[in-house]
Every structure is written in C-alpha cells, then in structure tokens.
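Participant: Hey, dropping protein.cif in here, mmCIF, C-alpha atoms:
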data_my_file
loop_
_atom_site.label_atom_id
_atom_site.label_comp_id
_atom_site.auth_asym_id
_atom_site.auth_seq_id
_atom_site.Cartn_x
_atom_site.Cartn_y
_atom_site.Cartn_z
CA MET L 1 66.16 84.26 -162.09
CA SER L 2 69.12 82.51 -163.55
CA ALA L 3 70.89 79.81 -161.65
CA LEU L 4 74.49 78.91 -161.05
CA ASP L 5 75.90 75.88 -162.79
CA VAL L 6 78.09 74.39 -160.09
CA THR L 7 80.81 71.77 -160.47
CA PHE L 8 82.55 70.69 -157.30
CA VAL L 9 85.57 68.47 -157.88
CA THR L 10 88.36 67.05 -155.76
CA ALA L 11 91.66 65.72 -157.05
CA ASP L 12 90.25 62.27 -157.77
CA ARG L 13 86.49 62.58 -158.16
CA THR L 14 83.55 64.83 -158.82
CA VAL L 15 81.73 65.51 -155.58
CA TRP L 16 78.76 67.54 -156.66
CA THR L 17 77.35 68.95 -159.87
CA GLY L 18 74.11 70.70 -160.53
CA GLU L 19 72.27 73.97 -160.35
CA ALA L 20 72.32 76.21 -157.35
CA ALA L 21 70.87 79.55 -156.37
CA GLN L 22 73.75 80.56 -154.18
CA VAL L 23 77.18 79.28 -153.23
CA VAL L 24 79.18 80.37 -150.21
CA VAL L 25 82.89 79.57 -150.19
CA PRO L 26 85.61 80.26 -147.63
CA ALA L 27 88.06 82.41 -149.58
CA VAL L 28 91.44 83.07 -147.97
CA ASP L 29 90.46 86.61 -147.07
CA GLY L 30 87.02 85.80 -145.74
CA SER L 31 83.79 84.10 -146.65
CA MET L 32 82.60 84.84 -150.16
CA GLY L 33 79.05 84.53 -151.41
CA ILE L 34 78.43 83.80 -155.06
CA LEU L 35 75.14 84.72 -156.69
CA PRO L 36 74.11 84.62 -160.34
CA GLN L 37 75.36 87.47 -162.51
CA MET L 38 78.48 87.83 -160.41
CA GLN L 39 81.55 89.22 -162.09
CA PRO L 40 84.13 86.63 -163.19
CA THR L 41 86.31 85.77 -160.23
CA LEU L 42 89.14 83.44 -159.46
CA ALA L 43 89.68 82.96 -155.75
CA ILE L 44 91.88 80.85 -153.52
CA LEU L 45 90.11 78.99 -150.75
CA GLY L 46 91.15 78.73 -147.16
CA THR L 47 89.86 76.31 -144.57
CA GLY L 48 86.16 76.25 -143.93
CA THR L 49 82.82 75.08 -145.24
CA VAL L 50 81.49 75.34 -148.76
CA ARG L 51 77.72 75.83 -148.77
CA ILE L 52 75.78 75.14 -151.93
CA ILE L 53 72.18 76.31 -151.69
CA ASP L 54 69.85 75.09 -154.43
CA GLN L 55 66.64 76.63 -155.74
CA SER L 56 64.43 75.00 -153.13
CA GLY L 57 66.63 76.17 -150.30
CA HIS L 58 68.27 72.84 -149.59
CA VAL L 59 71.83 73.29 -148.36
CA GLU L 60 74.73 71.05 -149.20
CA GLN L 61 77.67 71.58 -146.85
CA LEU L 62 81.20 70.36 -147.39
CA ALA L 63 84.28 71.02 -145.32
CA VAL L 64 87.29 71.91 -147.43
CA GLU L 65 90.89 72.79 -146.82
CA GLY L 66 92.55 74.82 -149.53
CA GLY L 67 91.60 74.90 -153.17
CA PHE L 68 90.27 77.36 -155.66
CA VAL L 69 87.00 78.55 -157.08
CA SER L 70 86.37 80.11 -160.46
CA VAL L 71 83.22 81.97 -161.40
CA ASP L 72 82.62 82.74 -165.04
CA SER L 73 79.23 83.71 -166.49
CA ASP L 74 77.31 81.73 -163.88
CA VAL L 75 79.52 78.67 -164.19
CA VAL L 76 81.09 77.95 -160.84
CA THR L 77 83.96 75.52 -160.59
CA ILE L 78 85.24 74.58 -157.16
CA GLY L 79 88.40 72.49 -157.03
CA VAL L 80 89.77 71.28 -153.71
CA ASP L 81 92.18 68.64 -152.47
CA ASP L 82 89.69 66.92 -150.26
CA ALA L 83 86.11 67.47 -149.17
CA ARG L 84 84.16 65.95 -146.33
CA PRO L 85 80.41 66.27 -145.97
CA VAL L 86 79.35 68.20 -142.87
CA GLU L 87 76.37 67.07 -140.86
CA SER L 88 74.35 70.10 -140.04
CA ALA L 89 71.37 70.39 -137.72
CA ASP L 90 70.02 73.23 -139.77
CA SER L 91 70.02 72.11 -143.36
CA ARG L 92 67.25 74.50 -144.40
CA ILE L 93 67.57 78.22 -144.51
CA MET H 1 106.67 3.91 -172.54
CA GLY H 2 109.98 4.96 -173.93
CA ALA H 3 112.32 7.55 -172.51
CA GLN H 4 111.68 9.94 -175.40
CA GLN H 5 107.96 9.89 -174.87
CA ARG H 6 108.39 10.46 -171.16
CA VAL H 7 110.51 13.57 -171.80
CA TYR H 8 107.90 15.02 -174.15
CA LYS H 9 105.08 14.32 -171.71
CA GLN H 10 107.01 16.14 -169.03
CA LYS H 11 107.54 19.16 -171.28
CA ILE H 12 103.86 19.26 -172.16
CA ARG H 13 102.93 19.19 -168.50
CA SER H 14 105.26 22.05 -167.63
CA ALA H 15 104.00 24.15 -170.55
CA GLN H 16 100.45 23.49 -169.40
CA GLY H 17 101.32 24.67 -165.92
CA MET H 18 102.86 27.87 -167.22
CA LYS H 19 99.94 28.48 -169.53
CA LYS H 20 97.61 28.44 -166.54
CA ILE H 21 99.73 31.06 -164.76
CA PHE H 22 99.91 33.30 -167.82
CA LYS H 23 96.21 32.99 -168.44
CA ALA H 24 95.45 33.95 -164.84
CA LYS H 25 97.78 36.96 -164.98
CA GLU H 26 96.26 38.04 -168.25
CA MET H 27 92.76 37.97 -166.81
CA VAL H 28 93.80 39.82 -163.67
CA ALA H 29 95.43 42.54 -165.75
CA ALA H 30 92.42 42.77 -168.06
CA SER H 31 90.08 43.29 -165.14
CA ARG H 32 92.33 45.93 -163.64
CA ILE H 33 92.66 48.02 -166.79
CA ALA H 34 89.07 49.18 -166.62
CA LYS H 35 89.42 50.14 -162.97
CA ALA H 36 92.69 51.97 -163.54
CA HIS H 37 91.24 53.77 -166.52
CA ALA H 38 88.23 54.85 -164.49
CA ARG H 39 90.63 56.33 -161.95
CA VAL H 40 92.34 58.32 -164.69
CA GLU H 41 88.98 59.57 -165.90
CA ALA H 42 87.98 60.58 -162.39
CA THR H 43 90.89 63.01 -162.12
CA THR H 44 90.09 64.70 -165.44
CA PRO H 45 87.44 67.22 -164.25
CA TYR H 46 89.78 68.59 -161.60
CA ALA H 47 92.70 68.81 -164.01
CA ASP H 48 90.50 70.52 -166.59
CA ALA H 49 89.22 73.05 -164.07
CA LEU H 50 92.75 73.77 -162.95
CA THR H 51 94.07 74.12 -166.49
CA ARG H 52 91.28 76.51 -167.37
CA ALA H 53 91.91 78.56 -164.26
CA ILE H 54 95.65 78.82 -164.94
CA GLY H 55 95.05 79.54 -168.59
CA SER H 56 92.75 82.42 -167.77
CA VAL H 57 95.15 83.89 -165.23
CA ALA H 58 97.98 83.69 -167.71
CA THR H 59 96.08 85.19 -170.65
CA HIS H 60 94.80 88.11 -168.63
CA SER H 61 97.52 89.31 -166.47
CA ASP H 62 100.62 89.77 -168.55
CA GLU H 63 102.39 91.08 -165.53
CA ILE H 64 102.14 87.89 -163.50
CA SER H 65 105.39 86.14 -162.91
CA HIS H 66 106.04 82.79 -161.38
CA PRO H 67 109.28 80.84 -161.23
CA PHE H 68 107.61 77.92 -163.06
CA LEU H 69 106.59 80.12 -165.96
CA ASP H 70 109.99 81.70 -166.41
CA SER H 71 111.43 80.15 -169.56
CA GLU H 72 115.00 81.21 -168.70
CA ARG H 73 115.61 79.26 -165.57
CA ARG H 74 119.33 78.92 -165.12
CA GLN H 75 120.75 78.55 -161.70
CA SER H 76 122.31 75.18 -161.08
CA GLY H 77 122.26 73.53 -164.49
CA ARG H 78 120.43 70.55 -163.03
CA ALA H 79 117.45 69.11 -164.85
CA GLY H 80 115.16 66.70 -163.05
CA ILE H 81 113.74 63.67 -164.81
CA LEU H 82 110.84 61.91 -163.18
CA MET H 83 110.68 58.42 -164.61
CA ILE H 84 107.67 56.20 -164.03
CA THR H 85 108.25 52.47 -164.38
CA ALA H 86 106.60 49.32 -163.09
CA ASP H 87 107.21 47.66 -159.75
CA ARG H 88 106.64 44.21 -161.15
CA GLY H 89 107.97 42.21 -164.02
CA MET H 90 105.95 40.40 -166.69
CA THR H 91 104.84 43.71 -168.17
CA GLY H 92 106.34 43.20 -171.59
CA PRO H 93 108.31 46.14 -172.94
CA TYR H 94 106.56 48.66 -170.66
CA SER H 95 109.40 49.52 -168.27
CA HIS H 96 112.14 49.19 -170.87
CA ASN H 97 110.46 51.66 -173.19
CA VAL H 98 110.26 54.20 -170.40
CA ILE H 99 113.87 53.61 -169.36
CA ARG H 100 115.04 53.96 -172.94
CA ALA H 101 113.11 57.21 -173.41
CA ALA H 102 114.51 58.57 -170.14
CA GLU H 103 118.07 57.65 -171.11
CA GLN H 104 117.63 59.35 -174.47
CA LEU H 105 116.33 62.45 -172.75
CA ALA H 106 119.21 62.38 -170.27
CA ASN H 107 121.71 62.19 -173.13
CA THR H 108 120.08 65.11 -174.91
CA LEU H 109 120.24 67.13 -171.71
CA ARG H 110 123.89 66.20 -171.20
CA ASP H 111 124.62 67.38 -174.74
CA GLN H 112 123.03 70.69 -173.81
CA GLY H 113 125.38 70.96 -170.87
CA LYS H 114 122.81 70.18 -168.23
CA GLU H 115 123.12 67.64 -165.50
CA PRO H 116 120.24 65.17 -165.47
CA VAL H 117 118.98 64.18 -162.02
CA MET H 118 116.88 61.06 -161.82
CA TYR H 119 113.74 60.72 -159.78
CA VAL H 120 112.45 57.20 -160.21
CA VAL H 121 109.12 55.58 -159.45
CA GLY H 122 108.98 51.80 -159.55
CA ARG H 123 111.37 48.98 -158.77
CA LYS H 124 112.27 48.25 -162.39
CA GLY H 125 113.69 51.68 -163.04
CA ASP H 126 115.36 51.83 -159.67
CA SER H 127 117.17 48.52 -160.15
CA TYR H 128 118.20 49.51 -163.67
CA TYR H 129 120.15 52.45 -162.33
CA ARG H 130 121.42 50.70 -159.23
CA PHE H 131 122.76 47.84 -161.32
CA ARG H 132 124.69 50.33 -163.44
CA ASN H 133 126.15 51.82 -160.31
CA ARG H 134 124.60 55.23 -160.63
CA PRO H 135 121.74 55.15 -158.16
CA PRO H 136 118.89 57.60 -158.81
CA HIS H 137 118.73 60.80 -156.83
CA ARG H 138 115.43 59.72 -155.36
CA ALA H 139 113.39 56.56 -155.78
CA TRP H 140 109.89 55.73 -154.70
CA THR H 141 109.52 52.00 -154.52
CA PRO H 142 107.62 49.80 -153.97
CA TYR H 143 104.33 51.58 -154.40
CA LYS H 144 100.76 50.43 -153.98
CA GLU H 145 98.25 50.89 -156.71
CA ASN H 146 95.53 52.30 -154.49
CA GLU H 147 97.88 54.80 -152.91
CA LEU H 148 98.92 56.46 -156.15
CA PRO H 149 97.24 59.82 -155.46
CA ALA H 150 99.03 60.04 -152.09
CA LEU H 151 102.29 59.05 -153.75
CA GLY H 152 101.71 61.66 -156.43
CA ARG H 153 101.24 64.31 -153.77
CA GLU H 154 104.45 63.31 -152.05
CA ILE H 155 106.42 63.32 -155.31
CA ALA H 156 104.95 66.67 -156.28
CA SER H 157 105.88 68.23 -152.96
CA VAL H 158 109.46 66.91 -153.18
CA LEU H 159 109.84 68.15 -156.75
CA THR H 160 108.27 71.54 -156.06
CA ALA H 161 110.60 72.00 -153.11
CA ASP H 162 113.61 71.12 -155.29
CA LEU H 163 112.46 73.41 -158.08
CA LEU H 164 112.18 76.31 -155.71
CA ALA H 165 115.28 75.49 -153.64
CA GLU H 166 117.83 78.23 -153.19
CA ASP H 167 120.69 75.83 -152.64
CA ASP H 168 122.51 74.98 -155.88
CA SER H 169 123.11 71.39 -154.84
CA THR H 170 119.39 70.61 -154.78
CA HIS H 171 117.95 73.23 -157.11
CA LEU H 172 116.43 72.05 -160.37
CA ASP H 173 116.28 74.30 -163.40
CA GLU H 174 113.94 72.12 -165.34
CA LEU H 175 111.64 69.21 -164.76
CA TYR H 176 110.80 66.49 -167.24
CA VAL H 177 108.44 63.60 -166.78
CA VAL H 178 108.83 60.33 -168.67
CA GLY H 179 105.82 58.11 -168.44
CA THR H 180 103.37 56.14 -170.49
CA GLU H 181 100.28 57.71 -171.85
CA PHE H 182 97.18 55.56 -171.84
CA LYS H 183 95.18 56.17 -174.99
CA THR H 184 93.13 53.02 -175.20
CA ARG H 185 93.72 49.54 -173.90
CA PHE H 186 95.36 48.71 -177.21
CA LEU H 187 97.43 51.84 -177.56
CA GLN H 188 99.85 53.34 -175.08
CA ASN H 189 102.63 55.75 -175.85
CA THR H 190 105.82 56.38 -173.98
CA LYS H 191 106.10 60.12 -173.60
CA SER H 192 108.57 62.65 -172.32
CA ILE H 193 106.98 65.87 -171.20
CA ARG H 194 108.61 69.06 -170.06
CA MET H 195 106.74 70.13 -166.99
CA VAL H 196 108.83 73.11 -165.86
CA PRO H 197 109.34 75.71 -167.23
CA MET H 198 105.79 75.67 -168.43
CA GLY H 199 105.17 76.86 -171.94
CA LEU H 200 101.87 78.61 -172.27
CA VAL H 201 100.09 77.37 -175.33
CA GLU H 202 100.64 79.98 -177.98
CA ALA H 203 98.89 77.99 -180.68
CA GLU H 204 95.62 79.80 -180.19
CA GLN H 205 97.31 83.13 -180.65
CA GLY H 206 96.65 83.26 -184.39
CA GLY H 207 92.97 82.36 -184.44
CA PRO H 208 90.25 84.01 -182.45
CA ARG H 209 91.28 83.52 -178.85
CA PRO H 210 88.71 82.07 -176.50
CA SER H 211 87.23 85.07 -174.86
CA PHE H 212 88.16 84.47 -171.26
CA PRO H 213 86.36 86.96 -169.11
CA LEU H 214 88.38 89.48 -167.21
CA TYR H 215 88.71 87.80 -163.87
CA ALA H 216 88.79 89.49 -160.55
CA PHE H 217 91.40 87.72 -158.48
CA THR H 218 91.03 87.09 -154.78
CA PRO H 219 93.25 88.07 -153.04
CA ASP H 220 95.43 89.06 -156.07
CA ALA H 221 96.77 87.58 -159.29
CA ASP H 222 100.22 86.71 -158.00
CA THR H 223 98.91 84.90 -154.95
CA VAL H 224 96.43 83.02 -157.08
CA VAL H 225 99.14 81.82 -159.48
CA GLU H 226 101.41 80.94 -156.60
CA GLU H 227 98.68 78.84 -155.07
CA LEU H 228 97.56 77.22 -158.31
CA MET H 229 100.97 76.25 -159.74
CA PRO H 230 101.89 73.59 -157.16
CA ARG H 231 98.37 72.22 -157.44
CA TYR H 232 98.72 72.05 -161.18
CA ILE H 233 102.02 70.17 -160.92
CA GLU H 234 100.48 67.85 -158.37
CA SER H 235 97.42 67.11 -160.43
CA ARG H 236 99.52 66.53 -163.55
CA ILE H 237 101.82 64.13 -161.74
CA ILE H 238 98.92 62.21 -160.23
CA ASN H 239 97.27 62.01 -163.62
CA ILE H 240 100.48 60.76 -165.25
CA LEU H 241 100.97 58.18 -162.49
CA LEU H 242 97.45 56.87 -162.92
CA GLN H 243 97.83 56.73 -166.69
CA ALA H 244 101.10 54.85 -166.26
CA MET H 245 99.37 52.35 -163.98
CA ALA H 246 96.62 51.76 -166.53
CA SER H 247 99.25 51.38 -169.25
CA GLU H 248 101.17 48.91 -167.12
CA HIS H 249 98.10 46.72 -166.81
CA ALA H 250 97.40 46.97 -170.52
CA SER H 251 100.99 46.06 -171.29
CA THR H 252 100.87 43.14 -168.85
CA GLN H 253 97.71 41.89 -170.45
CA ARG H 254 99.25 41.97 -173.90
CA ALA H 255 102.47 40.31 -172.79
CA MET H 256 100.56 37.59 -170.98
CA LYS H 257 98.30 37.02 -173.97
CA THR H 258 101.39 36.43 -176.11
CA ALA H 259 102.87 34.16 -173.45
CA THR H 260 99.66 32.13 -173.29
CA ASP H 261 99.67 31.77 -177.07
CA ASN H 262 103.30 30.71 -177.00
CA ALA H 263 102.60 28.11 -174.34
CA GLU H 264 99.81 26.75 -176.52
CA THR H 265 102.16 26.51 -179.49
CA GLN H 266 104.67 24.68 -177.34
CA ILE H 267 102.05 22.26 -176.11
CA ARG H 268 100.92 21.57 -179.65
CA LYS H 269 104.47 21.06 -180.83
CA PHE H 270 105.37 18.66 -178.05
CA THR H 271 102.11 16.77 -178.46
CA ARG H 272 103.00 16.18 -182.12
CA LEU H 273 106.50 15.06 -181.18
CA ALA H 274 105.18 12.79 -178.44
CA ASN H 275 102.69 11.25 -180.88
CA SER H 276 105.32 10.59 -183.49
CA ALA H 277 107.64 9.15 -180.83
CA ARG H 278 104.87 6.81 -179.71
CA GLN H 279 104.11 5.84 -183.29
CA ALA H 280 107.79 5.24 -183.97
CA GLU H 281 107.95 2.98 -180.96
CA ILE H 282 104.93 1.00 -182.11
CA THR H 283 106.28 0.74 -185.65
CA GLN H 284 109.56 -0.47 -184.37
CA GLU H 285 107.91 -3.06 -182.20
CA ILE H 286 105.84 -4.36 -185.14
CA THR H 287 108.90 -4.46 -187.35
CA GLU H 288 110.69 -6.48 -184.73
CA ILE H 289 107.83 -8.94 -184.41
CA VAL H 290 107.42 -9.30 -188.16
CA GLY H 291 111.14 -9.63 -188.58
CA GLY H 292 111.26 -12.28 -185.87
CA ALA H 293 108.37 -14.20 -187.42
CA ASP H 294 110.02 -14.06 -190.83
CA ALA H 295 113.25 -15.29 -189.38
CA LEU H 296 111.42 -18.19 -187.73
CA SER H 297 109.53 -19.16 -190.91
CA GLY H 298 112.67 -18.83 -192.98
CA SER H 299 114.53 -21.28 -190.74
CA GLY H 300 112.32 -24.17 -191.99
CA ARG H 301 111.17 -25.25 -188.52
CA THR H 302 107.52 -26.22 -188.52
CA GLU H 303 106.93 -26.96 -184.88
CA ARG H 304 107.75 -24.77 -181.99
#
How does the structure come out when it is put into structure tokens?

Facilitator:
Amino acid sequence: MSALDVTFVTADRTVWTGEAAQVVVPAVDGSMGILPQMQPTLAILGTGTVRIIDQSGHVEQLAVEGGFVSVDSDVVTIGVDDARPVESADSRI
Amino acid sequence: MGAQQRVYKQKIRSAQGMKKIFKAKEMVAASRIAKAHARVEATTPYADALTRAIGSVATHSDEISHPFLDSERRQSGRAGILMITADRGMTGPYSHNVIRAAEQLANTLRDQGKEPVMYVVGRKGDSYYRFRNRPPHRAWTPYKENELPALGREIASVLTADLLAEDDSTHLDELYVVGTEFKTRFLQNTKSIRMVPMGLVEAEQGGPRPSFPLYAFTPDADTVVEELMPRYIESRIINILLQAMASEHASTQRAMKTATDNAETQIRKFTRLANSARQAEITQEITEIVGGADALSGSGRTER
C-alpha cells in the first residue's frame, strides 16, 4: 500500500514531516479523512484536531485553528497559523 | 609633554573608545544575521505551500474572482505603500535606500494620478515623514525583533481591511511593499513589489504548464480563494519583514566594519602625528642645548 507524504507547516516553522497511512483534518464543513489514492483536493480547515496516523498506527494529534490542506497525488500539505500538540490518553488506534 | 602631544594622545584615546563600540556592534550584528536568516528560512515551507495552493486554484478555475486578483481596481484612486525601515540608526544606507525607493514609487504613482498612502514600519521612516510635515497614514514603531510575525499579522489585517473597505476615504486600490530583500549576507537589494492587484504568473503559459491536478475544492473554489488570499498576503508580509530584519543586521554589520576600519586609520594617523610631535620636541630640546653649549664655548669663558 502506498503511503501519504505529509508536510505540516505553520507560518513560521515546519511542525511535522514524514509518511503516514492516514490523515484526518477538520475541514470547515466537517471532519475529512485522507487516505492514499485520494483525488486531489484543496480544503479550508476549521477549528479542531489534525490526526496523522502513521504506518504502525501511532497517532500524532495537533490542535489547529484555521488553515488549509492540499492533497495531490499522495502529497499532503497542511498549512495552519498555529498548532499545539494535544495530549491524548489513547494514542494508539 | 607638550600641548600638541597631549591633544593627539586625547584623540587617539577617543578613537580607541569608539573603535571598541563599533567592533562590539559589528559582532552583535554578525551573530544576529544567522538567526534572522534562519527565521526567514523557517517561513519558506508555509509560503511555498500557500503559493502552490493559490497557483493551482487560479490555473484551474477560470471563473474564480477575488478582489485582490482583479487587475482593474479603481475606486478611490488611493495606492498604499508599505515601507519597511529600521528602528535604529547605525545601519549604514539601509533605511535611506528604502526611503528613496518609496519616494520614487510615490512620485511615479502621483504621475499616474494616484494618491500614495504611506504605511510605515520602523522609526527611521516614520521620523523622515514626520520631519517633512507629512506624517504617514499609519506607522508601526518601535517594533521588537522577536515579535515580527505578530506585527506582520497585525499589518496584514489592517491592510486587508483597507483594501476591502467600502468607504472611499480608507479604501486602497493598490498595495505596494518597499523593503529589502536578503539574498546573502553580502548582498541585499531594496525592492518595490506590487502586492495587490496580484498578477498571476503568465510566464509559464508558453512552455508546457506544470500539470496541476484538477482539484476538488472544499467547500467551493470561491470560498477557498477567499480564505487563502488574506493568508497569502499575511505570509508575504511576514516574510518580507523577516527578510528586512536580516538585511538590517547585514547592513549594520557592514557599516560597523567600515567604522571600525576608519577608527583604526584615525588611530594610526594620530599615532604618527603624536610621534612626530614628540620627536620634534626632542629635536628642539637638543638644538637648544647644543646651541646653548656653542654659545658658552664661543664666549671664551673656560670656567663656569
């Protein structure tokens, strides 16, 4: 299975880069899951949590407030103003 | 020690004192360039991502319209100029270059029948206009180096509001930014950029265009552009501010290097003069003694 090449940037730094199996972002009109082979999409983000799930199932969670995400042939770029890591009790799915 | 020598010694001491200050400022600036440059670099991925996103929206949906993309913006005849200068002095020609470029731009705009409106960052630019009795429309000063991103956000929100204003007394038709581009620590360019209306790069039109995929927009293309545009302006302004900061440090370093070298030249010069003054004094003293001895021997007296 192919993987997603994820780049997560804020206005002044790169927060996270790497490969992921699945990314869940809070789009303005509801949560949006991104899997490999998804059609190219450009979406505006609302307020919520971005979840990046890597191949081994480890989950990276970041709270964001506004931003955008672009998906293009398995390259996912998430750009937000500010991101804070979220401490989660359940970091494994 | 003669009066002349004393004066030279004093001058040497004062030049030495100044040299120490210049040297210290030079080293501070040099150490800050790297940091400032790293900050510029850190904003690049975000800016790139944003530019790509906007580019792909614009190439795909020909029907999208946004006030910032409209090349025929004519409402109030006002054109905003955001000028980025230094807060401090001792930066060499840095601020003056920016001011000169901004004035040139303002004159060009006036020739075109537009009314330039100044938005100034930095004390140097602000005082330039205040001194000439035409205070800028808006000035942000003083600013702190580590708060530049926040400042950039504030400036961007003010400018975006003015660009979109309905009221003719605040509305801006166009927006220009005059700042300094940081290429390397040895090369910085003063640049005037037109930010709004945005010209989409048509250069690629001729060759094979990068095959942007056909994007699906969530929720829809217009909303996406509307959301991305202010972000783009914001990220560009922050980037320009950070570049200007790095350039300011580079300029300071160069100016202080020259000042240090000049102080050294001064010290050398005054040391030479002091030496020759001392030598002259000694020579004179010897001449007086020899002359006195000659006079005594010439008088024929053998005992003292």

Participant: Evaluate the PyMOL selection byres ((chain L) within 9 of (chain H)) against this structure - the residues, as a VMD selection string, please.

Facilitator: chain L and resid 7 to 14 27 to 29 39 to 44 67 to 73 77 to 81

Participant: Calculate how many Å separate CA of Val121 (chain H) from CA of Val196 (chain H), rounding to one decimal.

Facilitator: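 If I compute the distance from CA of Val121 (chain H) to CA of Val196 (chain H), I get 18.7 Å.
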
Participant: Smallest atom-to-atom distance to Gln37 (chain L): which of L:Gln61, L:Gln55, L:Thr17, L:Gln22, using all atoms listed in the file?

Facilitator: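 So, comparing all the options, the nearest one is L:Gln22.
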
Participant: Given the file shown, enumerate the residues that the PyMOL selection byres ((chain L and resi 35) around 8) captures and present them as a ChimeraX atom specification.

Facilitator: /L:4,21-23,33-34,36-38

Participant: Output the residue selection produced by the PyMOL selection byres ((chain H and resi 264) around 12) on the file above, formatted as a ChimeraX atom specification.

Facilitator: /H:12-20,22-23,257-263,265-271

Participant: Mind pulling up the distance from CA of Asp87 (chain H) to CA of Pro142 (chain H)?

Facilitator: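 Taking CA of Pro142 (chain H) and CA of Asp87 (chain H), their separation equals 6.2 Å.
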
Participant: CA of Gln5 (chain H) to CA of Ala274 (chain H): how many Å, to one decimal?

Facilitator: 5.4 Å

Participant: Find the residue from H:Thr91, H:Glu103, H:Gly179, H:Ala36 that sits nearest to Leu148 (chain H); use only C-alpha atoms when measuring.

Facilitator: H:Ala36

Participant: Excluding same-chain residues fewer than 5 positions from Leu82 (chain H), what lies within 8 Å of it counting only C-alpha atoms, as a list in words?

Facilitator: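 Neighbouring residues, sequence-local ones excluded: Met118, Tyr119, Val120, Val121, Leu175, Tyr176, Val177 and Val178 of chain H.
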
Participant: Could those residues be written to a file, using C-alpha atoms, as a PDB file, in the coordinates of the input?

Facilitator:
ATOM      1  CA  MET H 118     116.880  61.060-161.820  1.00  0.00           C
ATOM      2  CA  TYR H 119     113.740  60.720-159.780  1.00  0.00           C
ATOM      3  CA  VAL H 120     112.450  57.200-160.210  1.00  0.00           C
ATOM      4  CA  VAL H 121     109.120  55.580-159.450  1.00  0.00           C
ATOM      5  CA  LEU H 175     111.640  69.210-164.760  1.00  0.00           C
ATOM      6  CA  TYR H 176     110.800  66.490-167.240  1.00  0.00           C
ATOM      7  CA  VAL H 177     108.440  63.600-166.780  1.00  0.00           C
ATOM      8  CA  VAL H 178     108.830  60.330-168.670  1.00  0.00           C
TER       9      VAL H 178
END

Participant: In terms of the shortest atom-to-atom distance over only C-alpha atoms, which of H:Ala156, H:Ala280, H:Met90, H:Ala79 is closest to Lys25 (chain H)?

Facilitator: H:Met90

Participant: Considering all atoms listed in the file, return as a ChimeraX atom specification whatever protein or nucleic-acid residues lie within 12 Å of Met27 (chain H), sequence-local ones (same chain, fewer than 2 positions apart) excluded.

Facilitator: /H:20-25,29-34,249-250,252-257,260

Participant: For each of L:Leu62, L:Val75, L:Leu45, L:Met32, take the minimum atom-to-atom distance to Glu19 (chain L), counting only C-alpha atoms, then give the residue where this is smallest.

Facilitator: L:Val75

Participant: Find, counting all atoms listed in the file, the residue in H:Phe131, H:Leu151, H:Arg138, H:Glu248 that gets nearest to Arg88 (chain H).

Facilitator: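 Using all atoms listed in the file, Arg88 (chain H) sits closest to H:Glu248.
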
Participant: For Pro26 (chain L), list every protein, DNA or RNA residue within 7 Å, evaluated using only C-alpha atoms, and leave out those in the same chain fewer than 4 positions away; present the list as a PyMOL selection string.

Facilitator: chain L and resi 30-32+45-50

Participant: Rebuild region 62-79 of chain L so that it carries N, CA and C atoms, then output the result as a PDB file, in the coordinates of the input.

Facilitator:
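The resulting file, rebuild_1.pdb, is shown below:
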ATOM      1  N   LEU L  62      79.992  71.181-147.276  1.00  0.00           N
ATOM      2  CA  LEU L  62      81.200  70.360-147.390  1.00  0.00           C
ATOM      3  C   LEU L  62      82.375  71.111-146.776  1.00  0.00           C
ATOM      4  N   ALA L  63      83.101  70.395-145.933  1.00  0.00           N
ATOM      5  CA  ALA L  63      84.280  71.020-145.320  1.00  0.00           C
ATOM      6  C   ALA L  63      85.452  70.879-146.265  1.00  0.00           C
ATOM      7  N   VAL L  64      86.156  71.956-146.511  1.00  0.00           N
ATOM      8  CA  VAL L  64      87.290  71.910-147.430  1.00  0.00           C
ATOM      9  C   VAL L  64      88.518  72.541-146.767  1.00  0.00           C
ATOM     10  N   GLU L  65      89.640  72.241-147.346  1.00  0.00           N
ATOM     11  CA  GLU L  65      90.890  72.790-146.820  1.00  0.00           C
ATOM     12  C   GLU L  65      91.771  73.159-148.011  1.00  0.00           C
ATOM     13  N   GLY L  66      91.734  74.383-148.397  1.00  0.00           N
ATOM     14  CA  GLY L  66      92.550  74.820-149.530  1.00  0.00           C
ATOM     15  C   GLY L  66      91.939  74.402-150.846  1.00  0.00           C
ATOM     16  N   GLY L  67      92.153  75.198-151.869  1.00  0.00           N
ATOM     17  CA  GLY L  67      91.600  74.900-153.170  1.00  0.00           C
ATOM     18  C   GLY L  67      91.363  76.194-153.908  1.00  0.00           C
ATOM     19  N   PHE L  68      90.535  76.128-154.924  1.00  0.00           N
ATOM     20  CA  PHE L  68      90.270  77.360-155.660  1.00  0.00           C
ATOM     21  C   PHE L  68      88.843  77.330-156.170  1.00  0.00           C
ATOM     22  N   VAL L  69      88.324  78.475-156.501  1.00  0.00           N
ATOM     23  CA  VAL L  69      87.000  78.550-157.080  1.00  0.00           C
ATOM     24  C   VAL L  69      87.069  79.528-158.249  1.00  0.00           C
ATOM     25  N   SER L  70      86.436  79.163-159.357  1.00  0.00           N
ATOM     26  CA  SER L  70      86.370  80.110-160.460  1.00  0.00           C
ATOM     27  C   SER L  70      84.914  80.338-160.821  1.00  0.00           C
ATOM     28  N   VAL L  71      84.575  81.598-161.020  1.00  0.00           N
ATOM     29  CA  VAL L  71      83.220  81.970-161.400  1.00  0.00           C
ATOM     30  C   VAL L  71      83.315  82.661-162.749  1.00  0.00           C
ATOM     31  N   ASP L  72      82.514  82.187-163.693  1.00  0.00           N
ATOM     32  CA  ASP L  72      82.620  82.740-165.040  1.00  0.00           C
ATOM     33  C   ASP L  72      81.259  82.600-165.702  1.00  0.00           C
ATOM     34  N   SER L  73      80.579  83.676-165.927  1.00  0.00           N
ATOM     35  CA  SER L  73      79.230  83.710-166.490  1.00  0.00           C
ATOM     36  C   SER L  73      78.341  82.606-165.922  1.00  0.00           C
ATOM     37  N   ASP L  74      78.182  82.640-164.629  1.00  0.00           N
ATOM     38  CA  ASP L  74      77.310  81.730-163.880  1.00  0.00           C
ATOM     39  C   ASP L  74      77.760  80.268-163.867  1.00  0.00           C
ATOM     40  N   VAL L  75      78.982  80.016-164.323  1.00  0.00           N
ATOM     41  CA  VAL L  75      79.520  78.670-164.190  1.00  0.00           C
ATOM     42  C   VAL L  75      80.529  78.708-163.044  1.00  0.00           C
ATOM     43  N   VAL L  76      80.227  77.951-162.014  1.00  0.00           N
ATOM     44  CA  VAL L  76      81.090  77.950-160.840  1.00  0.00           C
ATOM     45  C   VAL L  76      81.847  76.637-160.780  1.00  0.00           C
ATOM     46  N   THR L  77      83.153  76.732-160.723  1.00  0.00           N
ATOM     47  CA  THR L  77      83.960  75.520-160.590  1.00  0.00           C
ATOM     48  C   THR L  77      84.731  75.606-159.285  1.00  0.00           C
ATOM     49  N   ILE L  78      84.518  74.613-158.431  1.00  0.00           N
ATOM     50  CA  ILE L  78      85.240  74.580-157.160  1.00  0.00           C
ATOM     51  C   ILE L  78      86.160  73.366-157.206  1.00  0.00           C
ATOM     52  N   GLY L  79      87.439  73.603-157.046  1.00  0.00           N
ATOM     53  CA  GLY L  79      88.400  72.490-157.030  1.00  0.00           C
ATOM     54  C   GLY L  79      89.135  72.486-155.717  1.00  0.00           C
TER      55      GLY L  79
END
